[in-house]
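Okay, so here's the structure we're looking at.
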Amino acid sequence: MDDELHNRTVNQDVRELGALVGDTIRAQASRNDFETVETLRTASIAYRGGEAASRQGVHQILDRLRPDRESIVARGFTTYFELINLAEERERVRAIRQASQERALDDSLDVAAEALSDVDERTAKRVLEDVLIEPTFTAHPTEARRKTVKSKLRSVAVDLETLDERALTDKEHDHVKRNIESEVVSLWQTPQVRNRRPEPTDEAINVQWYLENTLFDVVGEVYDEFEEALEEAGHDIDVPKLFEFRSWAGSDRDGNPYVTPEVTAETLERQRTVVLERYRDALKRLSGVLSQDGGRIDVGPEFEKSLSADRERLPEVARGTEDRYPREPYRQKLKLMRERLNRIDDVRPGGYEDVAGFRADLDVLAESARRNGADSVVSAHVDPLRRQVDTFGFSLASLDLRDHQANHTEAVAEALALEEIDYRALSEDERVETLTEAVLQDESVIDPETLYRDEEADLSETARTVLELFARLSDWQTEYGDDAIDTYAISMTEEPSHVLEVLFLAEQAGVIALPDHSGIDIVPLLETEYALSGARRIMGTLFENEAYSRALAARGDTQEIMLGYSDSNKENGFLAANWSLYNNQRRLAEITDDFDVTMRLFHGRGGSISRGGGPMNRALLALPNESVSGQVKFTEQGESIAEKYANPRIAERNIEQMVNAQVLARKRALEEPEEEVPEEWSEAMGTMADAAREEYRDLLESDGFVSYFEQATPITVIEELNLGSRPASRSGERSVEDLRAIPWVFSWTQSRCIIPGWYALASGIDAYLDSGGDVETLREMYAEWPFFRTTLDNAALALARTEPEIAAEYAGLAESSLRETFFPRLIDEYERAADLVTEIAGRDALVRRDWLEESLKRRNPYVDPLNLLQTHLLGQTHRTDAEERTLRLTVKGIAAGMKNTG
């Protein structure tokens, strides 16, 4: 710890917050309740530390607890974890600040700038112009905490920052400590479990919070630091736009019938309202800075022309402005700019028609101020606002629409049936031909708006909703601009017609007018093995299709393709899915290259390892060179959003790491367009992946496995949790295939047997070794191949979070025949995988990061009682309402302790 930067340590924070939880339990419950929690805590620590021979003492305490005391135990440990998470967040900020001060951050903007110092200016500009990073926030239900709880925790986080980073008097210090104590008491008294399922609007507001309150304020700092770093590295480059933010919250209809067109419309309106208010506030602050006397400066002809145009546009407002600021031209301009922002959604004339006009006014203002020697003012106040405008536009975050391909097929079939076309009876080739001809002909075939409004039309609710969505999409783009909602993702794309159906509906609705205009990127989501293996069939057919190629040309010949990590893992297992995704990225790059199309990959990642999670910067650097066009898009979900973007310094660090990784990856791809992977390595991976897939599929298809999963994990509880607005399964059936990836992973994570993150890894490696392979080759692959190293390191994280002894407690809930069949099989695979990973990586422990080892050591003894309480409650054949609430609370507590859900 640097005494000049920080006043505290993580151990001090943990100790004081833990003591505060204890004090709160004593005061709000009773001394006996406190002693029960304390006894469970110390007994768990004793067992973990080798001072107790078994967990029998913990079980005895839990067996004797009354339902009301069970609730207090669950609440006590849950509250502890929520506060300890804040302590660890603060420690991460300390590490970032300290390393930044010492210029010791390995994946910083300085390092990215230094990497460009060995290339000429033209190449450096090419790299930066190619880079576009698009984090896309989704409403996927993996955030276990209520918004009210998160708000209270954020208040405590701010107070911890004050204690750590400010020099306080004793009186001030006591005041802050009192604030923390009051928030903890309030947190204790606040219901932890939602009493209703959140609505899509709630989820959209949640995502909006991070955009408005954190990211909006940090983007300017990232650009400013990067330009300084480039200047130090010898490049005089104005950094182009490097990133923007997108969202699915309020617009993702896949599997969620509650995301209606009304919800999407509300989201668009709310986001515009928020971002315009932020711009108005910024202009008001700027008016306090740009108070120059017009008689002492020369504003220049461009500024005079711009100000005169505003005076003609808003004469009444201009007169009042001149009276208020008679000799202050910049303030006059800023006042008129604010008025133009006010009139964007107003019936009165004079508002900005688009964001380009607003940006142009800021450019004129900056040029004029610099003309008068106010460079520092522009750098400090105008440039950050210009970067915000570039990033957030008038929409805050562009929305992606998404729906399942089956819904589009249904809508097209029903609409065409009204025109006496039997679309369902057509073959795939005939569907492609029919849709292509319909798009290319001058006359419309259907009118989506007329159809969805016609109550007499023979249409299902699904078809009517799809038609309404496309009809209103045209209106939304007219009102909010194309950029506000310009992407349409198609889940479970498996045929070219699935993409052409969206093209057809968009063209009929007027969103697309070929050959000159296409208002949307149409994005196939390839997530099944059939779709991925048929990528050339699907994409090649589309690129050769006359209608689609014209639409693509209207979008700059850039094709966005989404890869589904979650369902690919659930279908094929961890190792096989990773290898398939890697190979398919190379294959897609080859296909798009053959057709001279620029590819933008959209990685559908989750927060957990098994759903494509893990450190984002490492993931970007592990992508095959062929797939790195510079443009990249990826989902940010659930608890990952809070972890990455709730704290401004951590948010800035995450963006910095992403920029660093993508700049390095793009530079590497330009230098080595085709990644050279030794054939021996590819063959080894192929052998391992094939064997791993076979073992994984054999597990899932074994008689009784679904029953074991249902009995040995809290899936039935998770399905009833009000985590998100989307249903947990696609059809309500009990099967692994039908279950969504999030509750599948969530359930295994809760039971501390995280098989989606490592199962069949050992079987795959063993198959390679048994076929004549050797560990030395695997070590070489780990040392020199980013893909293999990242894959093994991610598996190691999932293995490190797995606890066989706790998992055995859950296995004990299953019927004996099922337990004896499956649990030994799972644990054998786990133990072999742990041994092989450490042997290949050449280290003694699964994880090599000191902070992670310390975190796991700190958390595990406290998670254990919650796991045991959960198994205790799951094992009861009849539970009271109070016990059901406690059971749901244990899920949230374990999620907080694991810092992960699905």
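Identifiers in this document derive from the order of the structure tokens: chains are assigned A, B, ..., residues are numbered from 1 separately in each chain, and ligands are numbered from 1 in order of occurrence.
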Determine, counting only C-alpha atoms, which protein, DNA and RNA residues have an atom within 9 Å of an atom of Val263 of chain A; residues of the same chain fewer than 2 positions away are not included. Present the result as a ChimeraX atom specification.
/A:200-201,250-251,258-261,265-268
Selection above as a file: N, CA, C and O atoms, as a compact mmCIF listing (two decimals), in the first residue's frame:
```
# COMPACT_ATOMS: atom_id res chain seq x y z
N PRO A 200 -39.35 -6.29 -18.39
CA PRO A 200 -38.32 -5.84 -19.33
C PRO A 200 -37.95 -4.38 -19.16
O PRO A 200 -36.78 -4.01 -19.34
N THR A 201 -38.91 -3.55 -18.79
CA THR A 201 -38.62 -2.14 -18.56
C THR A 201 -37.64 -1.97 -17.40
O THR A 201 -36.73 -1.13 -17.45
N GLY A 250 -34.71 -4.43 -23.47
CA GLY A 250 -35.88 -3.77 -24.01
C GLY A 250 -36.11 -4.05 -25.49
O GLY A 250 -37.10 -3.58 -26.06
N SER A 251 -35.22 -4.85 -26.11
CA SER A 251 -35.37 -5.11 -27.55
C SER A 251 -35.12 -6.57 -27.92
O SER A 251 -35.31 -6.95 -29.07
N TYR A 258 -42.54 -10.98 -23.22
CA TYR A 258 -42.86 -9.75 -22.51
C TYR A 258 -42.15 -8.52 -23.11
O TYR A 258 -42.48 -7.39 -22.77
N VAL A 259 -41.17 -8.76 -24.00
CA VAL A 259 -40.51 -7.65 -24.67
C VAL A 259 -41.36 -7.30 -25.90
O VAL A 259 -41.15 -7.81 -27.00
N THR A 260 -42.31 -6.46 -25.69
CA THR A 260 -43.25 -6.07 -26.74
C THR A 260 -42.72 -4.84 -27.49
O THR A 260 -41.78 -4.17 -27.02
N PRO A 261 -43.31 -4.52 -28.62
CA PRO A 261 -42.92 -3.27 -29.31
C PRO A 261 -43.09 -2.04 -28.42
O PRO A 261 -42.31 -1.09 -28.53
N ALA A 265 -40.24 0.77 -27.69
CA ALA A 265 -40.50 2.20 -27.90
C ALA A 265 -40.21 3.01 -26.64
O ALA A 265 -39.59 4.08 -26.69
N GLU A 266 -40.63 2.50 -25.49
CA GLU A 266 -40.36 3.18 -24.22
C GLU A 266 -38.86 3.27 -23.97
O GLU A 266 -38.37 4.30 -23.47
N THR A 267 -38.13 2.21 -24.29
CA THR A 267 -36.69 2.19 -24.07
C THR A 267 -36.00 3.23 -24.94
O THR A 267 -35.11 3.97 -24.48
N LEU A 268 -36.37 3.31 -26.20
CA LEU A 268 -35.79 4.31 -27.10
C LEU A 268 -36.04 5.72 -26.59
O LEU A 268 -35.13 6.57 -26.57
```
Excluding Leu385 of chain A and its own-chain neighbours fewer than 4 positions away, which residues fall within 10 Å of it when counting only C-alpha atoms? Please give them as a ChimeraX atom specification.
/A:216-217,219-220,278-279,282-283,286,359,362,378-381,389-391
Using only C-alpha atoms, the residue out of A:Ala43, A:Leu242, A:Ala509, A:Ala112 with shortest distance to Gln657 of chain A is A:Ala112
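For the choices A:Leu761, A:Val149, A:Val275, A:Met616, the atom-to-atom distance to Ser398 of chain A is smallest for A:Val275 when using only C-alpha atoms.
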